[in-house]
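Engineer: Quick one: structure below, then a few questions.
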Amino acid sequence: MSIAFTDVSVPEVSPGSPEWFTYMTASKVSAIMKHSTYESYLSLWLKMSGQVQPQADTDVTRRGHYLEPAVRAWFRDQHPEWQVTETGMWVHKEIPWAASTPDGIVHKPESNALFEAKSSTLDHEWGEPGTDQVPPGYFDQAQWQMFTTGMRTVHLAVIKSYLDFAEYVIEYDAEYVALMLSQVTTFMDTLEKGQRPSIDPLDGHAATYAAIKELNPGIADETAAIGDDMAIAYLTAVAERKAAEYREQAAKSVIADFAGEAHYIEWNGKKIFTRQSRSGGTPYLVASKNLPTIPEESAAA
């Protein structure tokens with residue numbers, strides 16, 4: 001028997017709806033913490049303020065929706081002694097704009113916990129199963145879910161490349177939640193006052209550029225004269241990109257020469273390149289989609 005449980009969620013508020021954008025939900029928090037691959041601080045602010053429209057579902061988000069039932073079924077098979085039920089949006093008891101929509105509730109004899117189902121092709125971002133070594137954005141999401149619901153454990157199940165399943169367990173971190181709440185509160189205060197954040201000169205997030213483009217859809221017959229700081233920052237970045245591309249090509253040539261006619265090229269047991277050819281033509285190197293990160297000790301060498 002699991003402990004007593006009362007679902008106090010609000011099922012009628014669905015993710016992506018206009019009302020949903022009035023709440024600070026778990027999936028939005030990672031943008032404020034600058035851990036989101038889909039949303040930037042500024043793009044989220046512009047969407048929540050109504051100045052930019054939310055984007056339609058992408059192949060990535062649709063993939064997650066399609067695979068969630070499979071991940072949920074796998075998790076239930078791993079824990080037949082637990083019951084997993086669906087739920088709606090939970091709103092914090094004392095903060096009316098703080099909310100989250102967990103994928104489910106795990107009913108256990110000793111405590112109730114939260115369930116999250118994820119799909120990912122970036123296997124290198126995940127640590128050892130059974131730990132809390134998940135991508136930073138998902139860690140943010142789990143912490144915010146626990147903060148808003150009052151539960152203190154999240155069981156996160158994921159399906160990775162090649163249909164590999166894994167489970168991670170994330171416990172409540174009060175100190176980190178306090179940091180999140182401070183930054184989120186600042187964000188919500190600027191939203192209420194209509195004080196649009198300025199663009200961080202180092203904000204290279206694609207979502208920021210996409211939001212700025214949507215914010216300025218027309219073309220006026222006028223000229224904008226930028227200052228030295230903007231021009232030099234851009235021109236320096238272009239020069240550095242070209243230099244980086246040249247170094248990349250040089251490193252690629254050295255690897256190709258060393259590999260000879262080998263089909264696969266690995267480093268520390270992880271695939272870096274595959275040699276391919278089109279219609280019997282000259283083989284060329286194709287970099288792996290999930291390139292490993294460089295360990296700090298190697299980068300400093």
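Lettering and numbering for the structure tokens are positional, with chains as A, B, ... in the shown order, residues counted from 1 in each chain, and ligands counted from 1 in the shown order.
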Could I get the residues of range 53-117 of chain A with an atom no further than 12 Å from an atom of range 32-42 of chain A, each paired with its nearest atom pair and that distance in Å to one decimal, using only C-alpha atoms, sorted by chain and residue number, as JSON lines?

Structural biologist:
{"residue": "A:Pro54", "atom": "CA", "partner": "A:Glu39", "partner_atom": "CA", "distance": 10.5}
{"residue": "A:Gln55", "atom": "CA", "partner": "A:Tyr38", "partner_atom": "CA", "distance": 10.2}
{"residue": "A:Asp57", "atom": "CA", "partner": "A:Tyr38", "partner_atom": "CA", "distance": 11.3}
{"residue": "A:Thr58", "atom": "CA", "partner": "A:Tyr38", "partner_atom": "CA", "distance": 10.3}
{"residue": "A:Val60", "atom": "CA", "partner": "A:Tyr38", "partner_atom": "CA", "distance": 10.0}
{"residue": "A:Thr61", "atom": "CA", "partner": "A:Tyr38", "partner_atom": "CA", "distance": 9.9}

Engineer: Export, as a PDB file, in the first residue's frame, the selected residues with all heavy atoms.

Structural biologist:
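After the write, selection_20.pdb holds the following:
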ATOM      1  N   PRO A  54       4.696  31.816 -29.319  1.00  0.00           N
ATOM      2  CA  PRO A  54       5.382  30.537 -29.083  1.00  0.00           C
ATOM      3  C   PRO A  54       5.598  29.794 -30.390  1.00  0.00           C
ATOM      4  O   PRO A  54       4.796  29.901 -31.325  1.00  0.00           O
ATOM      5  CB  PRO A  54       4.410  29.771 -28.176  1.00  0.00           C
ATOM      6  CG  PRO A  54       3.539  30.826 -27.576  1.00  0.00           C
ATOM      7  CD  PRO A  54       3.430  31.915 -28.604  1.00  0.00           C
ATOM      8  N   GLN A  55       6.689  29.057 -30.468  1.00  0.00           N
ATOM      9  CA  GLN A  55       6.988  28.294 -31.669  1.00  0.00           C
ATOM     10  C   GLN A  55       6.153  27.024 -31.711  1.00  0.00           C
ATOM     11  O   GLN A  55       5.777  26.470 -30.680  1.00  0.00           O
ATOM     12  CB  GLN A  55       8.473  27.934 -31.704  1.00  0.00           C
ATOM     13  CG  GLN A  55       9.390  29.133 -31.836  1.00  0.00           C
ATOM     14  CD  GLN A  55      10.856  28.738 -31.797  1.00  0.00           C
ATOM     15  OE1 GLN A  55      11.210  27.711 -31.250  1.00  0.00           O
ATOM     16  NE2 GLN A  55      11.711  29.566 -32.376  1.00  0.00           N
ATOM     17  N   ASP A  57       5.427  23.010 -32.484  1.00  0.00           N
ATOM     18  CA  ASP A  57       6.204  21.817 -32.146  1.00  0.00           C
ATOM     19  C   ASP A  57       7.239  21.530 -33.228  1.00  0.00           C
ATOM     20  O   ASP A  57       6.986  21.718 -34.424  1.00  0.00           O
ATOM     21  CB  ASP A  57       5.285  20.607 -32.007  1.00  0.00           C
ATOM     22  CG  ASP A  57       4.581  20.568 -30.659  1.00  0.00           C
ATOM     23  OD1 ASP A  57       4.966  21.347 -29.781  1.00  0.00           O
ATOM     24  OD2 ASP A  57       3.653  19.765 -30.502  1.00  0.00           O
ATOM     25  N   THR A  58       8.404  21.083 -32.793  1.00  0.00           N
ATOM     26  CA  THR A  58       9.464  20.690 -33.703  1.00  0.00           C
ATOM     27  C   THR A  58       9.542  19.170 -33.752  1.00  0.00           C
ATOM     28  O   THR A  58       8.856  18.465 -33.000  1.00  0.00           O
ATOM     29  CB  THR A  58      10.809  21.260 -33.237  1.00  0.00           C
ATOM     30  OG1 THR A  58      11.136  20.664 -31.966  1.00  0.00           O
ATOM     31  CG2 THR A  58      10.737  22.772 -33.077  1.00  0.00           C
ATOM     32  N   VAL A  60      11.915  17.470 -32.647  1.00  0.00           N
ATOM     33  CA  VAL A  60      12.463  17.039 -31.359  1.00  0.00           C
ATOM     34  C   VAL A  60      11.361  16.930 -30.314  1.00  0.00           C
ATOM     35  O   VAL A  60      11.268  15.934 -29.582  1.00  0.00           O
ATOM     36  CB  VAL A  60      13.559  18.011 -30.887  1.00  0.00           C
ATOM     37  CG1 VAL A  60      14.018  17.647 -29.476  1.00  0.00           C
ATOM     38  CG2 VAL A  60      14.741  17.977 -31.846  1.00  0.00           C
ATOM     39  N   THR A  61      10.497  17.961 -30.220  1.00  0.00           N
ATOM     40  CA  THR A  61       9.433  17.914 -29.217  1.00  0.00           C
ATOM     41  C   THR A  61       8.404  16.840 -29.560  1.00  0.00           C
ATOM     42  O   THR A  61       7.890  16.170 -28.663  1.00  0.00           O
ATOM     43  CB  THR A  61       8.738  19.281 -29.098  1.00  0.00           C
ATOM     44  OG1 THR A  61       8.262  19.692 -30.398  1.00  0.00           O
ATOM     45  CG2 THR A  61       9.712  20.333 -28.576  1.00  0.00           C
TER      46      THR A  61
END

Engineer: If you run DSSP on the backbone, which residues of range 64-235 of chain A are strand (DSSP E), as a PyMOL selection string?

Structural biologist: chain A and resi 83-85+90-91+99-100+104-107+112-119+153-159+165-171

Engineer: Export, as a CSV table (one decimal), in the first residue's frame, the selected residues with N, CA and C atoms.

Structural biologist:
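Output (selection.csv):
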chain,number,residue,atom,x,y,z
A,83,GLN,N,3.0,2.1,-8.4
A,83,GLN,CA,1.9,2.5,-9.3
A,83,GLN,C,2.3,3.9,-9.8
A,84,VAL,N,2.2,4.1,-11.1
A,84,VAL,CA,2.5,5.4,-11.7
A,84,VAL,C,1.2,5.9,-12.4
A,85,THR,N,0.8,7.1,-11.9
A,85,THR,CA,-0.4,7.7,-12.5
A,85,THR,C,-0.1,9.0,-13.1
A,90,TRP,N,0.7,21.5,-11.3
A,90,TRP,CA,0.7,21.8,-9.9
A,90,TRP,C,1.1,23.2,-9.7
A,91,VAL,N,0.5,23.9,-8.8
A,91,VAL,CA,0.8,25.3,-8.5
A,91,VAL,C,1.3,25.4,-7.0
A,99,ALA,N,4.7,27.0,-11.0
A,99,ALA,CA,4.0,25.8,-11.3
A,99,ALA,C,4.8,24.7,-12.1
A,100,SER,N,4.3,23.5,-12.2
A,100,SER,CA,5.0,22.5,-13.0
A,100,SER,C,4.0,21.4,-13.4
A,104,GLY,N,4.1,12.3,-14.3
A,104,GLY,CA,3.4,11.4,-13.5
A,104,GLY,C,3.8,11.4,-12.0
A,105,ILE,N,3.0,10.7,-11.2
A,105,ILE,CA,3.2,10.5,-9.8
A,105,ILE,C,3.6,9.0,-9.6
A,106,VAL,N,4.7,8.8,-8.8
A,106,VAL,CA,5.1,7.4,-8.5
A,106,VAL,C,4.6,7.2,-7.0
A,107,HIS,N,3.7,6.2,-6.9
A,107,HIS,CA,3.1,5.9,-5.6
A,107,HIS,C,3.9,4.7,-5.0
A,112,ASN,N,5.6,9.3,-1.8
A,112,ASN,CA,5.3,9.6,-3.2
A,112,ASN,C,6.4,10.4,-3.9
A,113,ALA,N,6.6,10.1,-5.1
A,113,ALA,CA,7.6,10.8,-5.9
A,113,ALA,C,7.1,11.2,-7.2
A,114,LEU,N,7.9,11.9,-8.0
A,114,LEU,CA,7.5,12.4,-9.3
A,114,LEU,C,8.2,11.5,-10.4
A,115,PHE,N,7.5,11.5,-11.5
A,115,PHE,CA,8.0,10.7,-12.7
A,115,PHE,C,8.2,11.6,-13.9
A,116,GLU,N,9.3,11.5,-14.6
A,116,GLU,CA,9.6,12.3,-15.8
A,116,GLU,C,10.1,11.3,-16.9
A,117,ALA,N,9.6,11.5,-18.1
A,117,ALA,CA,10.0,10.6,-19.2
A,117,ALA,C,10.7,11.5,-20.2
A,118,LYS,N,11.9,11.1,-20.6
A,118,LYS,CA,12.6,11.9,-21.6
A,118,LYS,C,13.1,11.1,-22.7
A,119,SER,N,13.5,11.7,-23.8
A,119,SER,CA,14.2,11.0,-24.9
A,119,SER,C,15.3,11.9,-25.3
A,153,THR,N,11.5,13.7,-4.5
A,153,THR,CA,12.3,12.8,-5.3
A,153,THR,C,11.7,12.7,-6.7
A,154,VAL,N,12.5,12.7,-7.7
A,154,VAL,CA,12.1,12.6,-9.1
A,154,VAL,C,12.7,11.4,-9.7
A,155,HIS,N,11.9,10.5,-10.3
A,155,HIS,CA,12.5,9.3,-11.0
A,155,HIS,C,12.4,9.7,-12.5
A,156,LEU,N,13.5,9.9,-13.1
A,156,LEU,CA,13.6,10.3,-14.5
A,156,LEU,C,14.0,9.1,-15.3
A,157,ALA,N,13.2,8.7,-16.2
A,157,ALA,CA,13.5,7.6,-17.2
A,157,ALA,C,13.7,8.2,-18.6
A,158,VAL,N,14.7,7.7,-19.3
A,158,VAL,CA,15.1,8.2,-20.6
A,158,VAL,C,15.3,7.1,-21.6
A,159,ILE,N,14.9,7.4,-22.8
A,159,ILE,CA,15.3,6.5,-23.9
A,159,ILE,C,16.4,7.2,-24.7
A,165,PHE,N,17.4,2.3,-22.6
A,165,PHE,CA,16.7,2.9,-21.6
A,165,PHE,C,17.5,3.1,-20.3
A,166,ALA,N,17.3,4.1,-19.5
A,166,ALA,CA,18.0,4.2,-18.3
A,166,ALA,C,17.1,5.0,-17.3
A,167,GLU,N,17.4,4.9,-16.0
A,167,GLU,CA,16.7,5.6,-15.0
A,167,GLU,C,17.6,6.4,-14.1
A,168,TYR,N,17.3,7.6,-13.8
A,168,TYR,CA,18.0,8.5,-12.9
A,168,TYR,C,17.2,8.9,-11.7
A,169,VAL,N,17.8,9.1,-10.6
A,169,VAL,CA,17.0,9.5,-9.4
A,169,VAL,C,17.6,10.9,-8.9
A,170,ILE,N,16.7,11.8,-8.8
A,170,ILE,CA,17.1,13.2,-8.4
A,170,ILE,C,16.4,13.6,-7.1
A,171,GLU,N,17.2,14.0,-6.1
A,171,GLU,CA,16.7,14.3,-4.8
A,171,GLU,C,16.6,15.9,-4.7

Engineer: Between A:Met180, A:Leu191, A:Val238, A:Ala225, single out the one closest to Ala31 in chain A, counting only C-alpha atoms.

Structural biologist: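 Between A:Met180, A:Leu191, A:Val238, A:Ala225, the residue approaching Ala31 in chain A most closely is A:Met180.
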
Engineer: Using only C-alpha atoms, can you tell me which of A:Tyr284, A:Lys271, A:Trp45, A:Met146 comes closest to His124 in chain A?

Structural biologist: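 Closest to His124 in chain A, using only C-alpha atoms: A:Lys271.
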
Engineer: Looking at A:Lys93, A:His205, A:Lys252, A:Arg247, which one is nearest to Leu285 in chain A, with distances taken over only C-alpha atoms?

Structural biologist: A:Lys252

Engineer: Restricting the calculation to only C-alpha atoms: of A:Val177, A:Val8, A:Ala70, A:Leu215, which residue gets closest to Gly50 in chain A?

Structural biologist: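 Nearest candidate to Gly50 in chain A out of A:Val177, A:Val8, A:Ala70, A:Leu215: A:Leu215.
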
Engineer: Among range 205-268 of chain A, which ones does DSSP assign to helix (DSSP H, G or I) (computed from the backbone)? Answer as a ChimeraX atom specification.

Structural biologist: /A:206-215,228-259

Engineer: Quick one, how far is CA of Thr208 in chain A from CA of Met24 in chain A?

Structural biologist: 18.7 Å
